[in-house]
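Trainee: Next comes the structure file data11.cif, holding mmCIF, C-alpha atoms and all ligand atoms.
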data_run
loop_
_atom_site.label_atom_id
_atom_site.label_comp_id
_atom_site.auth_asym_id
_atom_site.auth_seq_id
_atom_site.Cartn_x
_atom_site.Cartn_y
_atom_site.Cartn_z
CA MET A 105 10.84 3.20 10.16
CA PHE A 106 11.24 6.99 10.58
CA ILE A 107 10.97 7.37 6.79
CA LEU A 108 7.99 5.04 6.41
CA GLN A 109 6.06 6.53 9.32
CA ASN A 110 6.48 10.01 7.88
CA GLU A 111 4.80 9.06 4.60
CA GLY A 112 2.94 12.05 3.19
CA LYS A 113 4.63 14.43 5.69
CA LEU A 114 8.39 14.33 5.14
CA PHE A 115 8.58 11.56 2.53
CA GLN A 116 6.39 10.09 -0.14
CA ALA A 117 6.38 6.84 -2.13
CA SER A 118 8.09 7.52 -5.42
CA TYR A 119 8.60 4.66 -7.84
CA PRO A 120 10.62 5.29 -10.99
CA LYS A 121 8.58 7.22 -13.60
CA ALA A 122 8.91 4.43 -16.11
CA MET A 123 7.08 2.05 -13.76
CA GLN A 124 4.00 4.25 -13.88
CA GLY A 125 3.51 3.23 -17.51
CA ILE A 126 3.22 -0.35 -16.36
CA LEU A 127 1.46 0.08 -13.02
CA GLY A 128 -1.03 2.68 -14.27
CA GLN A 129 -1.77 6.00 -12.59
CA TYR A 130 -4.16 4.53 -10.00
CA SER A 131 -1.94 1.82 -8.55
CA LEU A 132 -1.64 1.95 -4.75
CA LEU A 133 2.11 2.18 -5.21
CA ILE A 134 1.71 5.37 -7.22
CA VAL A 135 -1.17 7.31 -5.63
CA SER A 136 -0.69 9.30 -2.45
CA GLY A 137 -2.57 11.28 0.21
CA GLU A 138 -6.35 11.01 0.46
CA HIS A 139 -6.59 9.10 -2.81
CA HIS A 140 -4.22 6.45 -1.46
CA ARG A 141 -6.15 6.22 1.81
CA LYS A 142 -9.44 5.65 -0.01
CA LEU A 143 -8.14 2.99 -2.40
CA ARG A 144 -6.09 1.26 0.27
CA GLY A 145 -9.07 0.99 2.64
CA ILE A 146 -10.79 -1.32 0.19
CA THR A 147 -7.83 -3.68 0.00
CA VAL A 148 -7.44 -3.64 3.77
CA SER A 149 -11.10 -4.59 4.33
CA PHE A 150 -10.90 -7.33 1.74
CA SER A 151 -7.84 -8.79 3.43
CA ALA A 152 -9.41 -8.59 6.90
CA MET A 153 -12.57 -10.27 5.63
CA SER A 154 -10.88 -13.04 3.64
CA LYS A 155 -8.21 -14.23 6.04
CA SER A 156 -10.74 -16.04 8.24
CA SER A 157 -13.20 -16.93 5.50
CA PRO A 158 -13.90 -20.66 4.93
CA VAL A 159 -14.25 -19.93 1.19
CA PHE A 160 -10.70 -18.56 1.08
CA HIS A 161 -9.42 -21.50 3.15
CA SER A 162 -11.01 -24.09 0.94
CA ARG A 163 -9.57 -22.40 -2.16
CA ILE A 164 -6.08 -22.62 -0.67
CA GLU A 165 -6.54 -26.29 0.18
CA LYS A 166 -8.00 -27.23 -3.19
CA LEU A 167 -5.09 -25.68 -5.06
CA ALA A 168 -2.56 -27.13 -2.61
CA PHE A 169 -3.98 -30.65 -3.15
CA SER A 170 -3.86 -30.24 -6.90
CA MET A 171 -0.24 -29.05 -6.78
CA LEU A 172 0.92 -31.82 -4.42
CA GLU A 173 -0.95 -34.45 -6.43
CA SER A 174 0.81 -33.29 -9.61
CA TRP A 175 4.14 -34.28 -7.99
CA ARG A 176 3.12 -37.93 -7.50
CA GLY A 177 5.72 -40.24 -9.03
CA ARG A 178 8.33 -37.48 -9.31
CA ARG A 179 11.55 -37.61 -7.35
CA GLU A 180 12.95 -34.19 -8.03
CA ILE A 181 11.31 -30.84 -8.63
CA ALA A 182 12.36 -27.22 -9.05
CA PHE A 183 10.24 -26.07 -6.12
CA LEU A 184 10.09 -22.32 -6.71
CA GLU A 185 9.53 -22.83 -10.43
CA GLU A 186 6.65 -25.16 -9.62
CA MET A 187 5.10 -22.57 -7.34
CA LYS A 188 5.39 -19.72 -9.80
CA LYS A 189 5.28 -20.97 -13.34
CA VAL A 190 2.41 -20.87 -15.78
CA LYS A 191 3.09 -23.77 -18.09
CA LYS A 192 1.50 -26.60 -20.00
CA LYS A 193 -1.88 -24.91 -19.70
CA LYS A 194 -1.62 -25.15 -15.93
CA SER A 195 -0.93 -22.22 -13.72
CA LYS A 196 0.64 -22.78 -10.37
CA PHE A 197 -0.36 -22.38 -6.79
CA THR A 198 -0.14 -18.74 -5.74
CA LEU A 199 -1.03 -17.08 -9.03
CA SER A 200 -4.08 -19.32 -9.46
CA LEU A 201 -5.05 -18.68 -5.87
CA MET A 202 -4.78 -14.92 -6.21
CA VAL A 203 -6.79 -14.91 -9.44
CA LYS A 204 -9.44 -17.16 -7.92
CA THR A 205 -9.61 -15.05 -4.76
CA VAL A 206 -9.77 -11.76 -6.58
CA LEU A 207 -11.89 -12.58 -9.63
CA SER A 208 -13.31 -16.08 -8.98
CA ILE A 209 -11.75 -17.39 -12.18
CA ASP A 210 -10.96 -21.11 -12.08
CA PRO A 211 -7.49 -22.07 -13.31
CA GLU A 212 -9.06 -24.33 -15.98
CA GLU A 213 -11.08 -21.53 -17.63
CA PRO A 214 -9.61 -20.14 -20.89
CA VAL A 215 -9.83 -16.58 -19.52
CA ALA A 216 -7.64 -17.67 -16.58
CA MET A 217 -4.86 -18.87 -18.83
CA ARG A 218 -4.99 -15.63 -20.82
CA PHE A 219 -4.97 -13.55 -17.64
CA LEU A 220 -2.11 -15.50 -16.08
CA GLN A 221 0.08 -15.34 -19.17
CA ASP A 222 -0.52 -11.61 -19.57
CA PHE A 223 0.21 -11.19 -15.90
CA ARG A 224 3.61 -12.85 -16.19
CA THR A 225 4.48 -10.58 -19.14
CA TYR A 226 3.29 -7.58 -17.12
CA MET A 227 5.55 -8.57 -14.21
CA LYS A 228 8.61 -9.06 -16.39
CA GLY A 229 8.33 -5.37 -17.32
CA PHE A 230 9.22 -4.32 -13.79
CA ILE A 231 12.74 -5.63 -14.09
CA SER A 232 13.31 -4.51 -17.68
CA LEU A 233 14.89 -1.45 -19.21
CA PRO A 234 12.07 1.10 -19.56
CA LEU A 235 12.38 1.36 -23.35
CA ASN A 236 9.04 1.53 -25.05
CA VAL A 237 10.29 0.11 -28.35
CA PRO A 238 8.49 -2.75 -30.11
CA GLY A 239 9.58 -6.16 -28.88
CA SER A 240 11.20 -4.95 -25.64
CA ALA A 241 10.11 -6.53 -22.34
CA TYR A 242 8.90 -3.10 -21.24
CA ALA A 243 6.71 -2.55 -24.33
CA LYS A 244 5.31 -6.08 -23.99
CA ALA A 245 4.48 -5.36 -20.34
CA VAL A 246 2.65 -2.14 -21.23
CA LYS A 247 0.59 -4.03 -23.82
CA ALA A 248 -0.05 -6.90 -21.42
CA ARG A 249 -1.32 -4.40 -18.87
CA ALA A 250 -3.75 -2.97 -21.42
CA ARG A 251 -5.07 -6.48 -22.18
CA LEU A 252 -5.37 -7.25 -18.46
CA ALA A 253 -7.35 -4.06 -17.99
CA MET A 254 -9.70 -5.09 -20.81
CA THR A 255 -10.18 -8.56 -19.32
CA VAL A 256 -10.95 -7.16 -15.87
CA LYS A 257 -13.37 -4.60 -17.34
CA GLU A 258 -15.16 -7.37 -19.26
CA ILE A 259 -15.51 -9.41 -16.08
CA ILE A 260 -16.80 -6.34 -14.22
CA LYS A 261 -19.37 -5.78 -16.97
CA GLN A 262 -20.56 -9.38 -16.83
CA ARG A 263 -20.82 -9.19 -13.05
CA THR A 264 -22.82 -5.98 -13.01
CA THR A 265 -25.36 -7.38 -15.49
CA SER A 266 -25.61 -10.88 -13.99
CA SER A 267 -28.08 -12.16 -11.40
CA GLY A 268 -26.05 -11.27 -8.31
CA GLU A 269 -24.72 -14.69 -7.28
CA GLU A 270 -22.32 -14.32 -4.33
CA ASN A 271 -18.67 -15.16 -5.05
CA GLY A 272 -16.93 -13.86 -1.92
CA ASP A 273 -14.13 -12.43 -4.06
CA PHE A 274 -12.42 -9.05 -4.22
CA LEU A 275 -14.48 -7.99 -7.20
CA GLU A 276 -17.59 -8.39 -5.09
CA VAL A 277 -16.11 -5.95 -2.57
CA ILE A 278 -15.29 -3.31 -5.15
CA LEU A 279 -18.66 -3.67 -6.86
CA SER A 280 -20.55 -3.40 -3.58
CA LYS A 281 -22.97 -0.59 -2.95
CA HIS A 282 -20.83 0.93 -0.20
CA SER A 283 -20.71 4.67 -0.89
CA SER A 284 -16.93 5.23 -0.93
CA ILE A 285 -16.46 2.21 -3.18
CA ARG A 286 -19.21 3.25 -5.57
CA GLN A 287 -17.19 6.34 -6.38
CA MET A 288 -14.32 4.30 -7.81
CA ASN A 289 -14.00 4.56 -11.55
CA ASP A 290 -13.33 1.49 -13.70
CA ASP A 291 -9.61 2.24 -14.03
CA GLU A 292 -9.26 2.44 -10.27
CA LYS A 293 -11.06 -0.90 -9.95
CA VAL A 294 -8.73 -2.49 -12.51
CA SER A 295 -5.67 -1.12 -10.70
CA SER A 296 -6.88 -2.41 -7.34
CA VAL A 297 -7.34 -5.89 -8.82
CA LEU A 298 -3.88 -5.89 -10.40
CA ASP A 299 -2.27 -4.51 -7.21
CA ILE A 300 -3.58 -7.40 -5.15
CA VAL A 301 -2.50 -10.06 -7.63
CA LEU A 302 0.87 -8.34 -8.03
CA GLY A 303 1.40 -7.91 -4.29
CA GLY A 304 0.45 -11.46 -3.42
CA TYR A 305 1.74 -13.67 -6.16
CA GLU A 306 5.51 -13.69 -6.34
CA THR A 307 6.08 -12.75 -2.69
CA THR A 308 4.02 -15.65 -1.36
CA SER A 309 5.55 -18.30 -3.69
CA THR A 310 9.02 -17.12 -2.76
CA LEU A 311 8.24 -17.06 0.94
CA ILE A 312 6.99 -20.67 0.84
CA SER A 313 10.17 -21.66 -1.03
CA LEU A 314 12.38 -19.89 1.50
CA ILE A 315 10.66 -21.76 4.33
CA VAL A 316 11.23 -25.08 2.54
CA TYR A 317 14.90 -24.13 2.17
CA PHE A 318 15.41 -22.92 5.77
CA LEU A 319 13.57 -25.86 7.31
CA HIS A 320 15.74 -28.31 5.40
CA ARG A 321 18.81 -26.64 6.88
CA SER A 322 17.39 -26.64 10.40
CA PRO A 323 16.34 -30.21 11.35
CA ALA A 324 15.22 -29.18 14.85
CA ALA A 325 12.88 -26.56 13.43
CA LEU A 326 11.58 -29.01 10.81
CA LEU A 327 10.82 -31.55 13.52
CA ALA A 328 8.94 -29.02 15.66
CA PHE A 329 7.11 -27.79 12.56
CA LYS A 330 6.09 -31.31 11.56
CA GLU A 331 4.93 -32.16 15.07
CA GLU A 332 2.71 -29.09 15.15
CA HIS A 333 0.99 -30.08 11.92
CA GLU A 334 0.69 -33.75 12.85
CA ALA A 335 -0.97 -32.77 16.13
CA ILE A 336 -3.45 -30.53 14.31
CA ARG A 337 -4.27 -33.26 11.81
CA ARG A 338 -4.62 -35.90 14.54
CA ASN A 339 -7.28 -33.77 16.20
CA LYS A 340 -9.15 -33.25 12.97
CA GLY A 341 -9.08 -36.55 11.18
CA LYS A 342 -8.19 -37.27 7.60
CA GLY A 343 -9.73 -35.12 4.88
CA GLN A 344 -11.37 -32.61 7.21
CA PRO A 345 -10.80 -29.07 5.95
CA LEU A 346 -8.61 -26.63 7.82
CA GLY A 347 -10.23 -23.59 9.39
CA TRP A 348 -9.39 -20.36 11.20
CA GLU A 349 -9.23 -22.14 14.57
CA ASP A 350 -6.56 -24.49 13.16
CA TYR A 351 -4.55 -21.54 11.91
CA GLN A 352 -4.65 -20.05 15.38
CA LYS A 353 -3.05 -23.23 16.73
CA MET A 354 -0.13 -22.93 14.29
CA ASP A 355 2.06 -20.86 16.62
CA PHE A 356 5.35 -22.42 15.65
CA THR A 357 4.48 -22.18 11.95
CA ARG A 358 3.82 -18.47 12.32
CA ASN A 359 7.21 -18.06 14.00
CA VAL A 360 8.89 -20.02 11.22
CA THR A 361 7.21 -17.69 8.71
CA LYS A 362 8.31 -14.55 10.57
CA GLU A 363 11.86 -15.84 10.80
CA ALA A 364 11.89 -16.70 7.08
CA VAL A 365 10.70 -13.16 6.29
CA ARG A 366 13.48 -11.76 8.51
CA CYS A 367 16.24 -13.94 7.06
CA GLY A 368 14.91 -14.09 3.49
CA ASN A 369 14.39 -10.36 2.88
CA LEU A 370 11.93 -10.79 0.07
CA VAL A 371 11.53 -7.07 -0.46
CA LYS A 372 14.97 -5.52 -0.42
CA PHE A 373 14.16 -1.83 -0.42
CA LEU A 374 11.34 0.63 -0.98
CA HIS A 375 11.17 3.78 -3.08
CA ARG A 376 10.63 7.12 -1.38
CA LYS A 377 11.49 10.78 -1.97
CA ALA A 378 11.96 13.67 0.47
CA LEU A 379 9.12 16.21 0.28
CA GLN A 380 11.20 18.83 2.11
CA ASP A 381 14.71 19.19 3.53
CA VAL A 382 14.89 16.59 6.28
CA GLU A 383 17.49 16.41 8.99
CA PHE A 384 17.97 12.96 10.43
CA LYS A 385 20.66 11.92 12.92
CA GLY A 386 22.88 14.80 11.84
CA HIS A 387 22.47 14.17 8.11
CA LEU A 388 20.63 16.45 5.72
CA ILE A 389 18.41 14.84 3.08
CA PRO A 390 17.67 17.61 0.57
CA ARG A 391 14.14 18.10 -0.72
CA GLY A 392 13.44 16.04 -3.85
CA TRP A 393 16.12 13.46 -3.14
CA LYS A 394 15.30 9.79 -3.57
CA VAL A 395 15.55 7.73 -0.41
CA LEU A 396 15.55 3.93 -0.58
CA PRO A 397 14.87 2.41 2.86
CA VAL A 398 16.64 -0.97 2.90
CA LEU A 399 14.43 -3.39 4.84
CA ALA A 400 17.23 -5.93 5.21
CA GLY A 401 19.06 -3.35 7.35
CA PRO A 402 17.07 -3.83 10.57
CA ASN A 403 16.25 -7.46 9.75
CA LEU A 404 19.90 -8.46 9.74
CA ASP A 405 21.34 -5.94 12.17
CA PRO A 406 23.69 -7.79 14.59
CA SER A 407 23.08 -5.14 17.24
CA LEU A 408 19.34 -5.94 17.14
CA HIS A 409 19.35 -9.73 16.74
CA HIS A 410 21.48 -12.24 18.59
CA ASP A 411 23.22 -14.57 16.10
CA HIS A 412 21.61 -12.48 13.37
CA LEU A 413 22.43 -14.76 10.42
CA GLN A 414 21.05 -17.86 12.11
CA PHE A 415 17.58 -19.09 11.10
CA ASN A 416 16.05 -19.47 14.54
CA PRO A 417 12.22 -19.46 14.80
CA TRP A 418 12.46 -19.74 18.59
CA ARG A 419 13.81 -16.20 18.79
CA TRP A 420 10.19 -15.11 18.19
CA THR A 421 8.96 -16.97 21.26
CA LYS A 422 11.69 -16.79 23.81
CA GLU A 423 14.34 -14.25 23.24
CA ASP A 424 12.86 -10.92 22.69
CA LYS A 425 9.38 -9.52 23.25
CA GLU A 426 10.20 -6.48 21.10
CA ILE A 427 11.46 -8.39 18.08
CA GLY A 428 8.42 -7.51 15.94
CA LYS A 429 9.42 -3.84 16.19
CA LYS A 430 12.97 -4.58 15.04
CA THR A 431 12.08 -6.24 11.74
CA MET A 432 10.47 -4.79 8.64
CA GLY A 433 9.57 -7.51 6.15
CA TYR A 434 6.19 -5.99 5.33
CA GLY A 435 7.22 -2.32 5.32
CA GLY A 436 5.70 0.12 7.80
CA GLY A 437 3.63 3.25 8.32
CA PRO A 438 0.55 4.05 6.20
CA ARG A 439 1.74 1.79 3.38
CA VAL A 440 2.49 -1.30 5.44
CA CYS A 441 1.55 -4.40 3.45
CA PRO A 442 -2.25 -4.87 3.57
CA GLY A 443 -1.95 -8.52 2.44
CA SER A 444 0.44 -9.86 5.08
CA ASP A 445 -2.26 -11.75 7.00
CA LEU A 446 -3.54 -13.38 3.82
CA ALA A 447 0.01 -14.40 2.90
CA LYS A 448 0.53 -16.00 6.33
CA VAL A 449 -2.63 -18.11 6.04
CA MET A 450 -1.75 -19.22 2.48
CA VAL A 451 1.74 -20.19 3.60
CA ALA A 452 0.56 -22.07 6.71
CA PHE A 453 -2.16 -24.07 4.94
CA PHE A 454 0.01 -24.99 1.97
CA LEU A 455 2.86 -26.09 4.23
CA HIS A 456 0.49 -28.09 6.43
CA HIS A 457 -0.30 -30.34 3.48
CA LEU A 458 3.24 -30.32 2.15
CA VAL A 459 4.81 -31.52 5.39
CA LEU A 460 2.18 -34.24 5.83
CA THR A 461 2.53 -35.45 2.25
CA TYR A 462 6.24 -35.26 1.38
CA ARG A 463 9.64 -35.18 2.98
CA TRP A 464 12.17 -33.13 1.06
CA LYS A 465 15.87 -32.62 0.67
CA VAL A 466 17.28 -29.46 -0.89
CA LYS A 467 20.13 -30.10 -3.36
CA GLU A 468 23.60 -29.22 -2.06
CA ASP A 469 24.36 -26.35 -4.42
CA GLU A 470 21.05 -24.49 -3.93
CA TYR A 471 20.88 -21.17 -2.11
CA PRO A 472 18.84 -17.99 -2.43
CA ILE A 473 20.16 -15.08 -4.47
CA ALA A 474 18.84 -11.56 -5.10
CA TYR A 475 18.41 -11.08 -8.84
CA PRO A 476 17.02 -8.42 -8.05
CA TYR A 477 14.07 -10.35 -6.57
CA VAL A 478 14.84 -13.37 -4.41
CA GLU A 479 15.39 -16.47 -6.53
CA PHE A 480 17.27 -19.73 -6.18
CA ARG A 481 20.24 -20.75 -8.25
CA ASN A 482 18.34 -23.52 -10.01
CA GLY A 483 14.75 -22.75 -9.09
CA LEU A 484 15.23 -24.56 -5.73
CA GLN A 485 15.90 -28.14 -6.75
CA VAL A 486 14.58 -30.52 -4.12
CA GLU A 487 14.29 -34.29 -3.91
CA ILE A 488 10.89 -35.35 -2.66
CA GLU A 489 9.56 -38.58 -1.25
CA PRO A 490 5.97 -39.30 -0.18
CA VAL A 491 5.55 -39.87 3.55
CA GLU A 492 3.46 -42.67 4.97
CA SER A 493 0.70 -40.91 6.81
CA HIS A 494 0.66 -41.73 10.54
CA VAL A 495 -2.18 -39.38 11.31
C1 LIG A 501 5.22 -12.73 1.85
C2 LIG A 501 4.41 -11.94 1.46
C3 LIG A 501 4.49 -10.45 1.31
C4 LIG A 501 5.52 -9.56 1.56
C5 LIG A 501 6.91 -9.84 2.10
C6 LIG A 501 5.01 -8.25 1.22
C7 LIG A 501 5.73 -7.07 1.37
C8 LIG A 501 5.21 -5.81 1.15
C9 LIG A 501 5.91 -4.56 1.43
C10 LIG A 501 7.30 -4.44 2.00
C11 LIG A 501 5.08 -3.55 1.09
C12 LIG A 501 5.34 -2.04 1.26
C13 LIG A 501 5.57 -1.30 -0.05
C14 LIG A 501 5.87 0.19 0.17
O1 LIG A 501 5.83 0.68 1.30
O2 LIG A 501 6.18 0.87 -0.83
C15 LIG A 501 3.86 -4.14 0.56
C16 LIG A 501 2.80 -3.43 0.06
C17 LIG A 501 1.71 -4.02 -0.53
N1 LIG A 501 1.38 -5.36 -0.52
FE1 LIG A 501 2.49 -6.86 0.25
N2 LIG A 501 3.73 -8.37 0.76
C18 LIG A 501 3.36 -9.71 0.82
C19 LIG A 501 2.16 -10.27 0.50
C20 LIG A 501 1.10 -9.57 -0.03
C21 LIG A 501 -0.18 -10.15 -0.38
C22 LIG A 501 -0.59 -11.62 -0.19
C23 LIG A 501 -0.93 -9.14 -0.91
C24 LIG A 501 -2.34 -9.15 -1.45
C25 LIG A 501 -3.29 -9.86 -1.02
C26 LIG A 501 -0.13 -7.93 -0.88
C27 LIG A 501 -0.53 -6.70 -1.34
C28 LIG A 501 0.18 -5.52 -1.16
C29 LIG A 501 -0.30 -4.22 -1.63
C30 LIG A 501 -1.60 -3.96 -2.39
C31 LIG A 501 0.67 -3.28 -1.22
C32 LIG A 501 0.64 -1.73 -1.46
C33 LIG A 501 0.19 -1.05 -0.18
C34 LIG A 501 0.20 0.47 -0.21
O3 LIG A 501 0.98 1.09 -0.97
O4 LIG A 501 -0.59 1.05 0.56
N3 LIG A 501 1.08 -8.23 -0.33
N4 LIG A 501 3.97 -5.51 0.63
#
So, in terms of structure tokens, how does the structure I just supplied come out?
Ligand code: HEM
Mentor:
Amino acid sequence: MFILQNEGKLFQASYPKAMQGILGQYSLLIVSGEHHRKLRGITVSFSAMSKSSPVFHSRIEKLAFSMLESWRGRREIAFLEEMKKVKKKKSKFTLSLMVKTVLSIDPEEPVAMRFLQDFRTYMKGFISLPLNVPGSAYAKAVKARARLAMTVKEIIKQRTTSSGEENGDFLEVILSKHSSIRQMNDDEKVSSVLDIVLGGYETTSTLISLIVYFLHRSPAALLAFKEEHEAIRRNKGKGQPLGWEDYQKMDFTRNVTKEAVRCGNLVKFLHRKALQDVEFKGHLIPRGWKVLPVLAGPNLDPSLHHDHLQFNPWRWTKEDKEIGKKTMGYGGGPRVCPGSDLAKVMVAFFLHHLVLTYRWKVKEDEYPIAYPYVEFRNGLQVEIEPVESHV
């Protein structure tokens, strides 16, 4: 936390040079200082505005229904693959949701398919060798980024010349007449759009998958989780949409999510460099050195967490009032994740419908691995069975 809180003073975000070619010079992960503060503010306000918006909630539910419906008649699925993949002209839950939330593109529109496929190619570049030679994953990612930029610019152009219909999406925020936003150039707007989709897509699908995995291995937690959602549904009645007040009642679900973030360690480490010689706990970090804060360190520290390897959502209610300060799933300091609240609502609403629609059993030989992102051995193979609705 010392490193993250001293962002811009003693340390600064510093992703490998090669990644700049893919991210672009205006990505939040690349810019620093005042420029970072200005661009970040827009993402933060969007997140604050959307998390309680009925439009955002109904988008989550619509895509969740469509995903769960597509599993009817199937007995086994590769859960994480289902959440992430773009295949058979259908994109999956989180990527479609991010694209809909940011640009108001429906998954069925041809531009959506193009965007989603380019986006996957763009993402593959981050874990490739940074060789800009034709045919390499890196070169494909750079080209995909250029196409994504063109698509976003086209959409911006259409929006600025159209009649002004309200979409409640991120684009609307960055095209608003607010003075600091008006000063953004088109490349900054494109980067902000791609940052949000990038930040929210893979992390959220993986987090949902980790929760499915951990709940299967913890029957007591699954029972408490199910009871919470059944009670919420009983009070609402069938088919009634979820809202912000329902989310606020999902206390146990939020604790399950926090515990899955602690145990799952979705983001392993961050990239920083020392801006000056820094002395910390008797060690000297010379100026210019790279520093990689490992978030799993505090999350899994046995001196900070009792039974540290145990998935135990109750530790967030009973054990320790300070636990939030001892975990770092979403980073910290001036770059702390601006989308964490959106992720929590997406996770809670998707899982509400999942747990009321299916029971699941994770295959014996499945477990999470870091490769370098969190994945499952076989895409998280689970057996599913529809549940008779009692509520
Ligand atoms: C489970 C979900 C998520 C996890 C674990 C997560 C984790 C993180 C972490 C650790 C950082 C800090 C990066 C750094 O300091 O270098 C970060 C930054 C960021 N996240 Fe998330 N994130 C999640 C969901 C989201 C969502 C849903 C969005 C978008 C709506 C998002 C957008 C961003 C952006 C734009 C940044 C860059 C912030 C900056 O540099 O100022 N994230 N995230």
Trainee: Grab me every residue within 6 Å of ligand LIG 501 (chain A), counting all atoms listed in the file, and send it over as a PyMOL selection string.
Mentor: chain A and resi 132-133+144+299-300+303-304+307-308+311+370-371+374+433-435+439-444+446-447
Trainee: CA of Lys188 (chain A) and CA of Arg163 (chain A) are how many Å apart?
Mentor: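 According to the coordinates, CA of Lys188 (chain A) and CA of Arg163 (chain A) are separated by 17.0 Å.
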Trainee: Which of these residues is nearest to Trp464 (chain A), using all atoms listed in the file: A:His412, A:His161, A:Lys385, A:Arg321?
Mentor: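 When distances to Trp464 (chain A) are compared using all atoms listed in the file, the smallest one comes from A:Arg321.
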Trainee: Please list as a PDB file with C-alpha atoms, in the frame of the given file every residue within 9 Å of Ser232 (chain A), counting all atoms listed in the file and excluding residues in the same chain fewer than 3 positions away.
Mentor:
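Just written: result-v3.pdb:
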ATOM      1  CA  LYS A 228       8.610  -9.060 -16.390  1.00  0.00           C
ATOM      2  CA  GLY A 229       8.330  -5.370 -17.320  1.00  0.00           C
ATOM      3  CA  LEU A 235      12.380   1.360 -23.350  1.00  0.00           C
ATOM      4  CA  SER A 240      11.200  -4.950 -25.640  1.00  0.00           C
ATOM      5  CA  ALA A 241      10.110  -6.530 -22.340  1.00  0.00           C
ATOM      6  CA  TYR A 242       8.900  -3.100 -21.240  1.00  0.00           C
TER       7      TYR A 242
END
Trainee: Please indicate the distance in Å from CA of Lys330 (chain A) to CA of Ala400 (chain A), rounded to one decimal place.
Mentor: 28.4 Å
Trainee: Between CA of Ala117 (chain A) and CA of Lys394 (chain A), what is the distance in Å, rounded to a tenth?
Mentor: 9.5 Å
Trainee: Residues near region 170-182 of chain A, anyone? I mean within 7 Å using only C-alpha atoms, not counting same-chain ones fewer than 6 positions away, as an mmCIF file with C-alpha atoms, in the coordinates of the input.
Mentor:
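Full text of part_35.cif as output:
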data_model
loop_
_atom_site.group_PDB
_atom_site.id
_atom_site.type_symbol
_atom_site.label_atom_id
_atom_site.label_comp_id
_atom_site.auth_asym_id
_atom_site.auth_seq_id
_atom_site.Cartn_x
_atom_site.Cartn_y
_atom_site.Cartn_z
ATOM 1 C CA PHE A 197 -0.360 -22.380 -6.790
ATOM 2 C CA GLY A 483 14.750 -22.750 -9.090
ATOM 3 C CA LEU A 484 15.230 -24.560 -5.730
ATOM 4 C CA GLN A 485 15.900 -28.140 -6.750
ATOM 5 C CA VAL A 486 14.580 -30.520 -4.120
ATOM 6 C CA GLU A 487 14.290 -34.290 -3.910
ATOM 7 C CA ILE A 488 10.890 -35.350 -2.660
ATOM 8 C CA GLU A 489 9.560 -38.580 -1.250
#
Trainee: Give me, as a VMD selection string, all polymer residues having an atom no more than 9 Å from Ile336 (chain A), counting only C-alpha atoms and skipping those fewer than 4 positions away in the same chain.
Mentor: chain A and resid 331 to 332 340 to 341 350 353 to 354
Trainee: Looking at all atoms listed in the file, which of A:His456, A:Lys422, A:Lys166, A:Lys465 is the one that sits closest to Tyr317 (chain A)?
Mentor: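 Residue with the minimum atom-to-atom distance to Tyr317 (chain A): A:Lys465.
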Trainee: List every protein, DNA or RNA residue with an atom no more than 6 Å from (17.7, -11.6, 8.7) in the file's coordinates, counting only C-alpha atoms, and format the result as a list in words.
Mentor: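 Within the cut-off we find Arg366, Cys367, Asn403, Leu404 and Leu413 of chain A.
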Trainee: Would you write out, as a Markdown table, a table of all residues in region 239-330 of chain A that have an atom no more than 12 Å from an atom of region 121-125 of chain A, listing for each the closest atom pair and the distance in Å to one decimal, considering all atoms listed in the file and ordering rows by chain and rising residue number?
Mentor:
| residue | atom | partner | partner_atom | distance |
| --- | --- | --- | --- | --- |
| A:Tyr242 | CA | A:Ala122 | CA | 9.1 |
| A:Ala243 | CA | A:Gly125 | CA | 9.5 |
| A:Lys244 | CA | A:Gly125 | CA | 11.5 |
| A:Ala245 | CA | A:Gly125 | CA | 9.1 |
| A:Val246 | CA | A:Gly125 | CA | 6.6 |
| A:Lys247 | CA | A:Gly125 | CA | 10.1 |
| A:Ala248 | CA | A:Gly125 | CA | 11.4 |
| A:Arg249 | CA | A:Gly125 | CA | 9.1 |
| A:Ala250 | CA | A:Gly125 | CA | 10.3 |
| A:Ser295 | CA | A:Gln124 | CA | 11.5 |
Trainee: May I ask which of the residues A:Leu302, A:Leu460, A:Met254, A:Val466 is the closest one to Phe223 (chain A), counting only C-alpha atoms?
Mentor: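 Between A:Leu302, A:Leu460, A:Met254, A:Val466, the residue approaching Phe223 (chain A) most closely is A:Leu302.
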